[in-house]
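Here is the file target_35.cif (mmCIF, C-alpha atoms and all ligand atoms; chains and numbers go by the auth columns).
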```cif
data_upload
#
loop_
_atom_site.group_PDB
_atom_site.id
_atom_site.type_symbol
_atom_site.label_atom_id
_atom_site.label_comp_id
_atom_site.label_asym_id
_atom_site.label_seq_id
_atom_site.Cartn_x
_atom_site.Cartn_y
_atom_site.Cartn_z
_atom_site.B_iso_or_equiv
_atom_site.auth_seq_id
_atom_site.auth_asym_id
ATOM 1 C CA MET A 1 -19.987 -15.300 -5.348 0.00 948 A
ATOM 2 C CA ILE A 2 -16.589 -14.294 -3.965 0.00 949 A
ATOM 3 C CA THR A 3 -15.328 -10.781 -4.666 0.00 950 A
ATOM 4 C CA ILE A 4 -11.643 -9.860 -4.608 0.00 951 A
ATOM 5 C CA ALA A 5 -10.701 -6.159 -4.450 0.00 952 A
ATOM 6 C CA LEU A 6 -7.541 -5.471 -6.436 0.00 953 A
ATOM 7 C CA SER A 7 -5.424 -2.324 -6.133 0.00 954 A
ATOM 8 C CA LYS A 8 -5.031 -0.601 -9.464 0.00 955 A
ATOM 9 C CA GLY A 9 -1.752 0.989 -10.509 0.00 956 A
ATOM 10 C CA ARG A 10 1.598 -0.632 -10.060 0.00 957 A
ATOM 11 C CA ILE A 11 0.341 -3.375 -7.733 0.00 958 A
ATOM 12 C CA LEU A 12 -2.080 -4.627 -10.398 0.00 959 A
ATOM 13 C CA LYS A 13 0.748 -5.278 -12.856 0.00 960 A
ATOM 14 C CA GLN A 14 2.271 -7.744 -10.406 0.00 961 A
ATOM 15 C CA THR A 15 -1.038 -9.103 -9.088 0.00 962 A
ATOM 16 C CA LEU A 16 -2.443 -10.364 -12.403 0.00 963 A
ATOM 17 C CA PRO A 17 0.475 -12.762 -13.112 0.00 964 A
ATOM 18 C CA LEU A 18 0.160 -14.118 -9.559 0.00 965 A
ATOM 19 C CA LEU A 19 -3.569 -14.742 -10.021 0.00 966 A
ATOM 20 C CA GLU A 20 -2.831 -16.408 -13.384 0.00 967 A
ATOM 21 C CA LYS A 21 -0.467 -18.802 -11.625 0.00 968 A
ATOM 22 C CA VAL A 22 -3.310 -20.028 -9.416 0.00 969 A
ATOM 23 C CA GLY A 23 -5.639 -20.345 -12.401 0.00 970 A
ATOM 24 C CA ILE A 24 -7.568 -17.084 -12.070 0.00 971 A
ATOM 25 C CA SER A 25 -7.805 -14.780 -15.086 0.00 972 A
ATOM 26 C CA LEU A 26 -9.925 -11.697 -15.640 0.00 973 A
ATOM 27 C CA LEU A 27 -12.095 -11.898 -18.750 0.00 974 A
ATOM 28 C CA ASP A 28 -11.355 -8.250 -19.660 0.00 975 A
ATOM 29 C CA ASP A 29 -8.062 -6.371 -19.487 0.00 976 A
ATOM 30 C CA PRO A 30 -8.272 -3.961 -16.508 0.00 977 A
ATOM 31 C CA PHE A 31 -5.536 -1.791 -18.014 0.00 978 A
ATOM 32 C CA THR A 32 -7.591 -0.920 -21.078 0.00 979 A
ATOM 33 C CA SER A 33 -11.179 -1.474 -19.897 0.00 980 A
ATOM 34 C CA ARG A 34 -13.172 1.208 -18.105 0.00 981 A
ATOM 35 C CA LYS A 35 -15.053 -1.431 -16.161 0.00 982 A
ATOM 36 C CA LEU A 36 -14.781 -1.551 -12.379 0.00 983 A
ATOM 37 C CA ILE A 37 -16.131 -5.092 -11.929 0.00 984 A
ATOM 38 C CA PHE A 38 -14.378 -7.906 -13.771 0.00 985 A
ATOM 39 C CA ALA A 39 -15.728 -11.394 -14.305 0.00 986 A
ATOM 40 C CA THR A 40 -13.160 -14.178 -14.153 0.00 987 A
ATOM 41 C CA ASN A 41 -12.838 -17.656 -15.653 0.00 988 A
ATOM 42 C CA HIS A 42 -14.525 -18.909 -12.448 0.00 989 A
ATOM 43 C CA ASP A 43 -18.308 -18.359 -12.305 0.00 990 A
ATOM 44 C CA ASP A 44 -18.199 -17.842 -8.528 0.00 991 A
ATOM 45 C CA LEU A 45 -15.312 -15.351 -8.501 0.00 992 A
ATOM 46 C CA GLN A 46 -15.211 -11.702 -9.567 0.00 993 A
ATOM 47 C CA CYS A 47 -12.731 -8.880 -9.067 0.00 994 A
ATOM 48 C CA VAL A 48 -13.211 -5.173 -8.489 0.00 995 A
ATOM 49 C CA VAL A 49 -10.318 -2.903 -9.441 0.00 996 A
ATOM 50 C CA ILE A 50 -10.089 0.228 -7.257 0.00 997 A
ATOM 51 C CA ARG A 51 -7.657 2.717 -5.710 0.00 998 A
ATOM 52 C CA ALA A 52 -5.216 0.999 -3.356 0.00 999 A
ATOM 53 C CA THR A 53 -6.299 3.251 -0.489 0.00 1000 A
ATOM 54 C CA ASP A 54 -9.913 2.115 -0.903 0.00 1001 A
ATOM 55 C CA VAL A 55 -9.212 -1.640 -0.856 0.00 1002 A
ATOM 56 C CA PRO A 56 -9.147 -2.065 2.973 0.00 1003 A
ATOM 57 C CA THR A 57 -12.441 -0.150 3.241 0.00 1004 A
ATOM 58 C CA TYR A 58 -14.238 -2.362 0.700 0.00 1005 A
ATOM 59 C CA VAL A 59 -13.011 -5.459 2.513 0.00 1006 A
ATOM 60 C CA GLN A 60 -13.779 -4.101 5.999 0.00 1007 A
ATOM 61 C CA PHE A 61 -17.423 -3.552 5.089 0.00 1008 A
ATOM 62 C CA GLY A 62 -17.743 -6.843 3.232 0.00 1009 A
ATOM 63 C CA ALA A 63 -18.250 -5.241 -0.200 0.00 1010 A
ATOM 64 C CA ALA A 64 -15.310 -7.476 -1.103 0.00 1011 A
ATOM 65 C CA ASP A 65 -14.454 -10.742 0.652 0.00 1012 A
ATOM 66 C CA LEU A 66 -10.755 -10.517 -0.110 0.00 1013 A
ATOM 67 C CA GLY A 67 -8.353 -7.762 -1.045 0.00 1014 A
ATOM 68 C CA ILE A 68 -4.842 -7.291 -2.351 0.00 1015 A
ATOM 69 C CA VAL A 69 -3.205 -4.150 -1.022 0.00 1016 A
ATOM 70 C CA GLY A 70 0.120 -2.694 0.093 0.00 1017 A
ATOM 71 C CA LYS A 71 1.057 -2.814 3.764 0.00 1018 A
ATOM 72 C CA ASP A 72 1.243 0.993 3.606 0.00 1019 A
ATOM 73 C CA GLY A 73 -2.483 1.145 2.862 0.00 1020 A
ATOM 74 C CA LEU A 74 -3.202 -1.329 5.652 0.00 1021 A
ATOM 75 C CA LEU A 75 -1.197 0.660 8.196 0.00 1022 A
ATOM 76 C CA GLU A 76 -3.114 3.822 7.317 0.00 1023 A
ATOM 77 C CA HIS A 77 -6.479 2.058 7.409 0.00 1024 A
ATOM 78 C CA GLY A 78 -5.774 0.499 10.790 0.00 1025 A
ATOM 79 C CA GLY A 79 -6.943 -3.020 9.953 0.00 1026 A
ATOM 80 C CA GLU A 80 -10.331 -2.894 11.707 0.00 1027 A
ATOM 81 C CA GLY A 81 -12.580 -5.781 10.613 0.00 1028 A
ATOM 82 C CA LEU A 82 -9.793 -7.277 8.493 0.00 1029 A
ATOM 83 C CA ALA A 83 -7.561 -10.297 8.675 0.00 1030 A
ATOM 84 C CA GLU A 84 -4.132 -10.176 7.057 0.00 1031 A
ATOM 85 C CA LEU A 85 -3.700 -13.637 5.542 0.00 1032 A
ATOM 86 C CA LEU A 86 -0.563 -13.621 3.441 0.00 1033 A
ATOM 87 C CA ASP A 87 2.487 -11.569 2.521 0.00 1034 A
ATOM 88 C CA LEU A 88 2.481 -11.808 -1.270 0.00 1035 A
ATOM 89 C CA LYS A 89 6.033 -10.371 -1.446 0.00 1036 A
ATOM 90 C CA ILE A 90 5.186 -8.238 -4.473 0.00 1037 A
ATOM 91 C CA ALA A 91 5.468 -4.443 -4.797 0.00 1038 A
ATOM 92 C CA GLN A 92 8.222 -4.493 -2.197 0.00 1039 A
ATOM 93 C CA CYS A 93 9.545 -1.143 -1.057 0.00 1040 A
ATOM 94 C CA ARG A 94 10.232 0.761 2.154 0.00 1041 A
ATOM 95 C CA LEU A 95 8.430 3.562 3.938 0.00 1042 A
ATOM 96 C CA MET A 96 11.204 5.984 4.903 0.00 1043 A
ATOM 97 C CA THR A 97 11.929 9.449 6.124 0.00 1044 A
ATOM 98 C CA ALA A 98 13.900 11.641 3.725 0.00 1045 A
ATOM 99 C CA VAL A 99 15.522 15.049 4.089 0.00 1046 A
ATOM 100 C CA PRO A 100 17.258 17.545 1.771 0.00 1047 A
ATOM 101 C CA ALA A 101 20.904 16.579 1.243 0.00 1048 A
ATOM 102 C CA ALA A 102 21.962 19.792 3.027 0.00 1049 A
ATOM 103 C CA ALA A 103 20.080 18.734 6.178 0.00 1050 A
ATOM 104 C CA VAL A 104 21.658 15.288 6.548 0.00 1051 A
ATOM 105 C CA GLY A 105 23.112 14.842 10.016 0.00 1052 A
ATOM 106 C CA GLN A 106 21.171 17.685 11.624 0.00 1053 A
ATOM 107 C CA LEU A 107 19.635 16.811 14.986 0.00 1054 A
ATOM 108 C CA ARG A 108 15.856 16.706 15.040 0.00 1055 A
ATOM 109 C CA HIS A 109 15.219 16.130 18.727 0.00 1056 A
ATOM 110 C CA ASP A 110 15.622 19.682 19.934 0.00 1057 A
ATOM 111 C CA LYS A 111 12.938 21.341 17.824 0.00 1058 A
ATOM 112 C CA ARG A 112 9.519 20.774 16.353 0.00 1059 A
ATOM 113 C CA ILE A 113 9.818 19.674 12.729 0.00 1060 A
ATOM 114 C CA ARG A 114 7.306 19.713 9.903 0.00 1061 A
ATOM 115 C CA VAL A 115 6.793 16.524 7.935 0.00 1062 A
ATOM 116 C CA ALA A 116 4.889 16.193 4.662 0.00 1063 A
ATOM 117 C CA THR A 117 3.402 12.782 3.878 0.00 1064 A
ATOM 118 C CA LYS A 118 0.498 10.810 2.490 0.00 1065 A
ATOM 119 C CA TYR A 119 1.034 8.384 5.387 0.00 1066 A
ATOM 120 C CA VAL A 120 -0.189 10.428 8.352 0.00 1067 A
ATOM 121 C CA LYS A 121 -0.841 7.575 10.802 0.00 1068 A
ATOM 122 C CA SER A 122 2.403 5.744 10.100 0.00 1069 A
ATOM 123 C CA ALA A 123 4.358 8.999 10.370 0.00 1070 A
ATOM 124 C CA GLN A 124 2.680 10.024 13.618 0.00 1071 A
ATOM 125 C CA ARG A 125 3.437 6.641 15.161 0.00 1072 A
ATOM 126 C CA TYR A 126 7.036 6.743 13.985 0.00 1073 A
ATOM 127 C CA TYR A 127 7.910 10.239 15.253 0.00 1074 A
ATOM 128 C CA GLN A 128 6.160 9.623 18.543 0.00 1075 A
ATOM 129 C CA ALA A 129 8.188 6.440 19.065 0.00 1076 A
ATOM 130 C CA GLN A 130 11.377 8.390 18.281 0.00 1077 A
ATOM 131 C CA GLY A 131 10.467 11.152 20.725 0.00 1078 A
ATOM 132 C CA ILE A 132 10.546 13.708 17.919 0.00 1079 A
ATOM 133 C CA GLN A 133 8.008 16.560 17.948 0.00 1080 A
ATOM 134 C CA ALA A 134 6.528 16.522 14.470 0.00 1081 A
ATOM 135 C CA GLU A 135 3.752 18.474 12.824 0.00 1082 A
ATOM 136 C CA ILE A 136 2.396 16.227 10.086 0.00 1083 A
ATOM 137 C CA ILE A 137 1.135 17.858 6.896 0.00 1084 A
ATOM 138 C CA LYS A 138 -1.073 15.593 4.774 0.00 1085 A
ATOM 139 C CA LEU A 139 -0.342 15.605 1.038 0.00 1086 A
ATOM 140 C CA TYR A 140 -1.808 13.431 -1.709 0.00 1087 A
ATOM 141 C CA GLY A 141 1.203 13.260 -4.016 0.00 1088 A
ATOM 142 C CA ALA A 142 4.618 14.666 -4.965 0.00 1089 A
ATOM 143 C CA MET A 143 5.808 14.665 -1.364 0.00 1090 A
ATOM 144 C CA GLU A 144 9.346 15.304 -2.654 0.00 1091 A
ATOM 145 C CA LEU A 145 8.404 18.862 -3.526 0.00 1092 A
ATOM 146 C CA ALA A 146 7.518 19.894 0.032 0.00 1093 A
ATOM 147 C CA PRO A 147 11.060 20.284 1.471 0.00 1094 A
ATOM 148 C CA LEU A 148 12.245 22.039 -1.698 0.00 1095 A
ATOM 149 C CA VAL A 149 9.759 24.888 -1.322 0.00 1096 A
ATOM 150 C CA GLY A 150 9.815 25.187 2.472 0.00 1097 A
ATOM 151 C CA LEU A 151 6.520 23.436 3.170 0.00 1098 A
ATOM 152 C CA ALA A 152 8.227 20.789 5.315 0.00 1099 A
ATOM 153 C CA ASP A 153 11.598 19.891 6.848 0.00 1100 A
ATOM 154 C CA GLU A 154 11.316 16.282 5.791 0.00 1101 A
ATOM 155 C CA ILE A 155 8.990 13.750 4.198 0.00 1102 A
ATOM 156 C CA VAL A 156 7.812 10.212 4.841 0.00 1103 A
ATOM 157 C CA ASP A 157 7.335 8.338 1.578 0.00 1104 A
ATOM 158 C CA LEU A 158 7.749 5.016 -0.177 0.00 1105 A
ATOM 159 C CA VAL A 159 11.243 4.364 -1.510 0.00 1106 A
ATOM 160 C CA GLU A 160 12.140 1.646 -3.975 0.00 1107 A
ATOM 161 C CA THR A 161 15.303 2.607 -5.857 0.00 1108 A
ATOM 162 C CA GLY A 162 15.664 6.095 -4.397 0.00 1109 A
ATOM 163 C CA SER A 163 15.927 7.665 -7.855 0.00 1110 A
ATOM 164 C CA THR A 164 12.980 10.037 -7.321 0.00 1111 A
ATOM 165 C CA LEU A 165 14.550 11.243 -4.072 0.00 1112 A
ATOM 166 C CA LYS A 166 17.918 11.674 -5.751 0.00 1113 A
ATOM 167 C CA ALA A 167 16.408 13.638 -8.637 0.00 1114 A
ATOM 168 C CA ASN A 168 15.084 16.104 -6.049 0.00 1115 A
ATOM 169 C CA ASN A 169 18.261 16.265 -3.969 0.00 1116 A
ATOM 170 C CA LEU A 170 16.731 14.358 -1.062 0.00 1117 A
ATOM 171 C CA VAL A 171 18.363 11.603 0.957 0.00 1118 A
ATOM 172 C CA ALA A 172 16.554 8.675 2.566 0.00 1119 A
ATOM 173 C CA GLN A 173 17.183 8.547 6.298 0.00 1120 A
ATOM 174 C CA ASP A 174 15.281 6.212 8.622 0.00 1121 A
ATOM 175 C CA LEU A 175 13.128 3.162 7.986 0.00 1122 A
ATOM 176 C CA VAL A 176 9.518 3.599 9.084 0.00 1123 A
ATOM 177 C CA ALA A 177 8.223 0.248 7.794 0.00 1124 A
ATOM 178 C CA ASP A 178 9.035 -2.489 5.288 0.00 1125 A
ATOM 179 C CA ILE A 179 6.232 -2.594 2.721 0.00 1126 A
ATOM 180 C CA SER A 180 4.907 -5.350 0.482 0.00 1127 A
ATOM 181 C CA CYS A 181 1.564 -6.484 -0.838 0.00 1128 A
ATOM 182 C CA ARG A 182 -0.785 -8.400 1.470 0.00 1129 A
ATOM 183 C CA LEU A 183 -3.806 -10.605 0.948 0.00 1130 A
ATOM 184 C CA ILE A 184 -6.539 -9.460 3.336 0.00 1131 A
ATOM 185 C CA ALA A 185 -9.967 -10.865 4.130 0.00 1132 A
ATOM 186 C CA ASN A 186 -13.203 -9.618 5.618 0.00 1133 A
ATOM 187 C CA ALA A 187 -13.596 -11.098 9.109 0.00 1134 A
ATOM 188 C CA ALA A 188 -17.111 -12.473 8.450 0.00 1135 A
ATOM 189 C CA SER A 189 -16.145 -13.853 5.021 0.00 1136 A
ATOM 190 C CA MET A 190 -13.355 -15.758 6.765 0.00 1137 A
ATOM 191 C CA ARG A 191 -16.012 -17.764 8.613 0.00 1138 A
ATOM 192 C CA VAL A 192 -18.663 -18.067 5.883 0.00 1139 A
ATOM 193 C CA GLN A 193 -16.279 -18.734 2.958 0.00 1140 A
ATOM 194 C CA HIS A 194 -13.632 -20.489 4.991 0.00 1141 A
ATOM 195 C CA LYS A 195 -13.049 -23.424 2.631 0.00 1142 A
ATOM 196 C CA MET A 196 -12.679 -21.389 -0.528 0.00 1143 A
ATOM 197 C CA ILE A 197 -10.439 -18.807 1.134 0.00 1144 A
ATOM 198 C CA ALA A 198 -8.206 -21.445 2.734 0.00 1145 A
ATOM 199 C CA LYS A 199 -7.768 -23.122 -0.654 0.00 1146 A
ATOM 200 C CA LEU A 200 -6.828 -19.857 -2.352 0.00 1147 A
ATOM 201 C CA VAL A 201 -4.368 -18.989 0.431 0.00 1148 A
ATOM 202 C CA ASP A 202 -2.682 -22.402 0.042 0.00 1149 A
ATOM 203 C CA GLN A 203 -2.453 -22.023 -3.727 0.00 1150 A
ATOM 204 C CA LEU A 204 -1.054 -18.477 -3.523 0.00 1151 A
ATOM 205 C CA ALA A 205 1.417 -19.484 -0.815 0.00 1152 A
ATOM 206 C CA GLU A 206 2.883 -22.085 -3.179 0.00 1153 A
ATOM 207 C CA HIS A 207 3.713 -19.396 -5.744 0.00 1154 A
ATOM 208 C CA ILE A 208 5.208 -16.684 -3.531 0.00 1155 A
HETATM 209 P P1 LIG B . -1.473 7.571 -7.358 0.00 1201 A
HETATM 210 O O1 LIG B . 0.003 7.347 -7.503 0.00 1201 A
HETATM 211 O O2 LIG B . -2.219 7.494 -8.662 0.00 1201 A
HETATM 212 O O3 LIG B . -1.812 8.743 -6.522 0.00 1201 A
HETATM 213 P P2 LIG B . -1.402 5.422 -5.536 0.00 1201 A
HETATM 214 O O4 LIG B . -0.180 6.047 -4.939 0.00 1201 A
HETATM 215 O O5 LIG B . -2.482 4.905 -4.636 0.00 1201 A
HETATM 216 O O6 LIG B . -2.096 6.343 -6.573 0.00 1201 A
HETATM 217 P P3 LIG B . 0.465 3.644 -6.766 0.00 1201 A
HETATM 218 O O7 LIG B . 1.485 4.710 -6.888 0.00 1201 A
HETATM 219 O O8 LIG B . 0.252 2.694 -7.884 0.00 1201 A
HETATM 220 O O9 LIG B . -0.980 4.230 -6.454 0.00 1201 A
HETATM 221 O O10 LIG B . 0.799 2.842 -5.462 0.00 1201 A
HETATM 222 C C1 LIG B . -0.025 1.834 -5.019 0.00 1201 A
HETATM 223 C C2 LIG B . 0.721 0.941 -4.083 0.00 1201 A
HETATM 224 O O11 LIG B . 1.865 0.407 -4.728 0.00 1201 A
HETATM 225 C C3 LIG B . 1.243 1.615 -2.839 0.00 1201 A
HETATM 226 O O12 LIG B . 0.267 1.682 -1.850 0.00 1201 A
HETATM 227 C C4 LIG B . 2.398 0.701 -2.454 0.00 1201 A
HETATM 228 O O13 LIG B . 1.941 -0.398 -1.692 0.00 1201 A
HETATM 229 C C5 LIG B . 2.902 0.232 -3.802 0.00 1201 A
HETATM 230 N N1 LIG B . 4.017 1.060 -4.233 0.00 1201 A
HETATM 231 C C6 LIG B . 4.017 2.391 -4.411 0.00 1201 A
HETATM 232 N N2 LIG B . 5.230 2.826 -4.777 0.00 1201 A
HETATM 233 C C7 LIG B . 6.014 1.749 -4.841 0.00 1201 A
HETATM 234 C C8 LIG B . 7.386 1.540 -5.186 0.00 1201 A
HETATM 235 N N3 LIG B . 8.174 2.540 -5.523 0.00 1201 A
HETATM 236 N N4 LIG B . 7.834 0.278 -5.178 0.00 1201 A
HETATM 237 C C9 LIG B . 7.043 -0.742 -4.866 0.00 1201 A
HETATM 238 N N5 LIG B . 5.751 -0.604 -4.494 0.00 1201 A
HETATM 239 C C10 LIG B . 5.241 0.618 -4.489 0.00 1201 A
HETATM 240 MG MG MG B . 1.620 6.742 -6.171 0.00 1202 A
#
```
What does the file become when written as structure tokens?
Ligand code: ATP
Ligand code: MG
Amino acid sequence: MITIALSKGRILKQTLPLLEKVGISLLDDPFTSRKLIFATNHDDLQCVVIRATDVPTYVQFGAADLGIVGKDGLLEHGGEGLAELLDLKIAQCRLMTAVPAAAVGQLRHDKRIRVATKYVKSAQRYYQAQGIQAEIIKLYGAMELAPLVGLADEIVDLVETGSTLKANNLVAQDLVADISCRLIANAASMRVQHKMIAKLVDQLAEHI
């Protein structure tokens, strides 16, 4: 049995059509079912549907052979025990810094700034590379609020259209990383299930 870990939420909406294209369909609808494990039309293939941030962990420890997850989640996880097999080019967005409109153009190099983000590792790496002294404050959601109430000077968050930033009077500044969905595999599964995984990678690659 091969297990694929799927990220729930917005990635799932774009993942299911892609799986359909390569002939894989879940027997229950993950958007209405409360199940966590989903049988598919293939007897030897099942899917688990979990939080995007948990997908790399399931795959790292071999609880799932394969996973579909955003690059943002991979960067935070660190990629230990995982192989990144394919850029699926879905759920494309950008990890960016953003500041209040009134702060655009202010120099950040001469002081220590506070940054609110869910993406602590990516942010730390970015500010270090820029030579900017940053105190990173971990949040789990609504990063846009932090600069508005004085919790942080700026944020690092995913930006697609920028409309959420705009609604909160924030302006995207610098690119931290280009993000899209990746197919990942457990390192041991890559050896044991090599044939099946290689076939799936080829099929998916045709439909990207
Ligand atoms: P929650 O929002 O419930 O706290 P979450 O942030 O893990 O959970 P989503 O918001 O569905 O779940 O995001 C999951 C993944 O979707 C992200 O890790 C990222 O890869 C991708 N994603 C998030 N926001 C966008 C966006 N605006 N455009 C494209 N892809 C995005
Ligand atoms: Mg979210």
Original post:
What is the CA of Ala1135 in chain A-CA of Leu1032 in chain A distance in Å, reported with one decimal?
Top reply: 13.8 Å
Subject >> Resolved residues for the PyMOL selection byres (((not hetatm)) within 10 of (chain A and resi 1202)) as a PyMOL selection string >> reply: chain A and resi 956-957+999+1065+1087-1089+1104-1105
**OP:** Pull out every residue that the PyMOL selection byres (((not hetatm)) within 8 of (chain A and resi 1201)) matches in the shown coordinates and put them as a list of chain:residue names.
**Re:** A:Ser954, A:Lys955, A:Gly956, A:Arg957, A:Ile958, A:Arg998, A:Ala999, A:Thr1000, A:Val1016, A:Gly1017, A:Lys1018, A:Asp1019, A:Gly1020, A:Ile1037, A:Ala1038, A:Gln1039, A:Cys1040, A:Arg1041, A:Tyr1087, A:Gly1088, A:Leu1105, A:Val1106, A:Glu1107, A:Thr1108, A:Ile1126, A:Ser1127, A:Cys1128
Would you write out those residues with C-alpha atoms, as a PDB file, in the coordinates of the input?
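The resulting selection-v6.pdb:
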```pdb
ATOM      1  CA  SER A 954      -5.424  -2.324  -6.133  1.00  0.00           C
ATOM      2  CA  LYS A 955      -5.031  -0.601  -9.464  1.00  0.00           C
ATOM      3  CA  GLY A 956      -1.752   0.989 -10.509  1.00  0.00           C
ATOM      4  CA  ARG A 957       1.598  -0.632 -10.060  1.00  0.00           C
ATOM      5  CA  ILE A 958       0.341  -3.375  -7.733  1.00  0.00           C
ATOM      6  CA  ARG A 998      -7.657   2.717  -5.710  1.00  0.00           C
ATOM      7  CA  ALA A 999      -5.216   0.999  -3.356  1.00  0.00           C
ATOM      8  CA  THR A1000      -6.299   3.251  -0.489  1.00  0.00           C
ATOM      9  CA  VAL A1016      -3.205  -4.150  -1.022  1.00  0.00           C
ATOM     10  CA  GLY A1017       0.120  -2.694   0.093  1.00  0.00           C
ATOM     11  CA  LYS A1018       1.057  -2.814   3.764  1.00  0.00           C
ATOM     12  CA  ASP A1019       1.243   0.993   3.606  1.00  0.00           C
ATOM     13  CA  GLY A1020      -2.483   1.145   2.862  1.00  0.00           C
ATOM     14  CA  ILE A1037       5.186  -8.238  -4.473  1.00  0.00           C
ATOM     15  CA  ALA A1038       5.468  -4.443  -4.797  1.00  0.00           C
ATOM     16  CA  GLN A1039       8.222  -4.493  -2.197  1.00  0.00           C
ATOM     17  CA  CYS A1040       9.545  -1.143  -1.057  1.00  0.00           C
ATOM     18  CA  ARG A1041      10.232   0.761   2.154  1.00  0.00           C
ATOM     19  CA  TYR A1087      -1.808  13.431  -1.709  1.00  0.00           C
ATOM     20  CA  GLY A1088       1.203  13.260  -4.016  1.00  0.00           C
ATOM     21  CA  LEU A1105       7.749   5.016  -0.177  1.00  0.00           C
ATOM     22  CA  VAL A1106      11.243   4.364  -1.510  1.00  0.00           C
ATOM     23  CA  GLU A1107      12.140   1.646  -3.975  1.00  0.00           C
ATOM     24  CA  THR A1108      15.303   2.607  -5.857  1.00  0.00           C
ATOM     25  CA  ILE A1126       6.232  -2.594   2.721  1.00  0.00           C
ATOM     26  CA  SER A1127       4.907  -5.350   0.482  1.00  0.00           C
ATOM     27  CA  CYS A1128       1.564  -6.484  -0.838  1.00  0.00           C
TER      28      CYS A1128
END
```
**OP:** Please evaluate the PyMOL selection byres (((chain A and resi 984) around 8) and not hetatm) against the structure above and give the resulting residues as a ChimeraX atom specification.
**Re:** /A:982-983,985-986,993-996
**OP:** Might you pull out every residue within 12 Å of Leu1112 in chain A, with all atoms listed in the file counted and same-chain residues fewer than 3 positions away left off, and present them as a ChimeraX atom specification?
**Re:** /A:1043-1048,1089-1095,1101-1109,1115-1120
Generate a file of the selected residues that holds C-alpha atoms, formatted as a tab-separated table (two decimals), in the coordinates of the input.
```
chain	number	residue	atom	x	y	z
A	1043	MET	CA	11.20	5.98	4.90
A	1044	THR	CA	11.93	9.45	6.12
A	1045	ALA	CA	13.90	11.64	3.72
A	1046	VAL	CA	15.52	15.05	4.09
A	1047	PRO	CA	17.26	17.55	1.77
A	1048	ALA	CA	20.90	16.58	1.24
A	1089	ALA	CA	4.62	14.67	-4.96
A	1090	MET	CA	5.81	14.66	-1.36
A	1091	GLU	CA	9.35	15.30	-2.65
A	1092	LEU	CA	8.40	18.86	-3.53
A	1093	ALA	CA	7.52	19.89	0.03
A	1094	PRO	CA	11.06	20.28	1.47
A	1095	LEU	CA	12.24	22.04	-1.70
A	1101	GLU	CA	11.32	16.28	5.79
A	1102	ILE	CA	8.99	13.75	4.20
A	1103	VAL	CA	7.81	10.21	4.84
A	1104	ASP	CA	7.34	8.34	1.58
A	1105	LEU	CA	7.75	5.02	-0.18
A	1106	VAL	CA	11.24	4.36	-1.51
A	1107	GLU	CA	12.14	1.65	-3.98
A	1108	THR	CA	15.30	2.61	-5.86
A	1109	GLY	CA	15.66	6.10	-4.40
A	1115	ASN	CA	15.08	16.10	-6.05
A	1116	ASN	CA	18.26	16.26	-3.97
A	1117	LEU	CA	16.73	14.36	-1.06
A	1118	VAL	CA	18.36	11.60	0.96
A	1119	ALA	CA	16.55	8.68	2.57
A	1120	GLN	CA	17.18	8.55	6.30
```
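As for CA of Leu1130 in chain A and CA of Leu963 in chain A, they are spaced 13.4 Å apart.
Rounded to one decimal, CA of Val1067 in chain A and CA of Ile1083 in chain A lie 6.6 Å from each other.
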Original post:
Can you tell me, as number ranges by chain, what residues are no more than 8 Å from Arg1059 in chain A when counting all atoms listed in the file, ignoring any on the same chain fewer than 6 positions away?
Top reply: A: 1079-1082
Original post:
Between A:Leu1122, A:Ile1084, A:Leu1022, A:Leu1033, which has the minimum distance to Ile1155 in chain A (counting all atoms listed in the file)?
Top reply: A:Leu1033
Original post:
So, counting only C-alpha atoms, which residue among A:Gly1078, A:Pro1003, A:Gly1052, A:Gly1097 is closest to Glu1023 in chain A?
Top reply: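 That would be A:Pro1003, the residue with the smallest distance to Glu1023 in chain A.
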Fill-in result for range 1039-1047 of chain A, N, CA and C atoms as a short mmCIF file (atom, residue, chain, number, x, y, z; two decimals), keeping the file's coordinate frame:
```cif
data_model
loop_
_atom_site.label_atom_id
_atom_site.label_comp_id
_atom_site.auth_asym_id
_atom_site.auth_seq_id
_atom_site.Cartn_x
_atom_site.Cartn_y
_atom_site.Cartn_z
N GLN A 1039 7.43 -4.70 -3.40
CA GLN A 1039 8.22 -4.49 -2.20
C GLN A 1039 8.93 -3.14 -2.24
N CYS A 1040 8.83 -2.41 -1.17
CA CYS A 1040 9.54 -1.14 -1.06
C CYS A 1040 9.63 -0.80 0.43
N ARG A 1041 10.09 0.39 0.74
CA ARG A 1041 10.23 0.76 2.15
C ARG A 1041 9.62 2.14 2.40
N LEU A 1042 8.94 2.26 3.51
CA LEU A 1042 8.43 3.56 3.94
C LEU A 1042 9.54 4.21 4.75
N MET A 1043 10.02 5.38 4.28
CA MET A 1043 11.20 5.98 4.90
C MET A 1043 11.04 7.48 5.11
N THR A 1044 11.82 8.00 6.03
CA THR A 1044 11.93 9.45 6.12
C THR A 1044 13.00 9.88 5.12
N ALA A 1045 12.87 11.10 4.62
CA ALA A 1045 13.90 11.64 3.72
C ALA A 1045 14.02 13.14 3.97
N VAL A 1046 15.26 13.63 3.85
CA VAL A 1046 15.52 15.05 4.09
C VAL A 1046 16.35 15.61 2.93
N PRO A 1047 16.36 16.94 2.77
CA PRO A 1047 17.26 17.55 1.77
C PRO A 1047 18.70 17.18 2.10
#
```
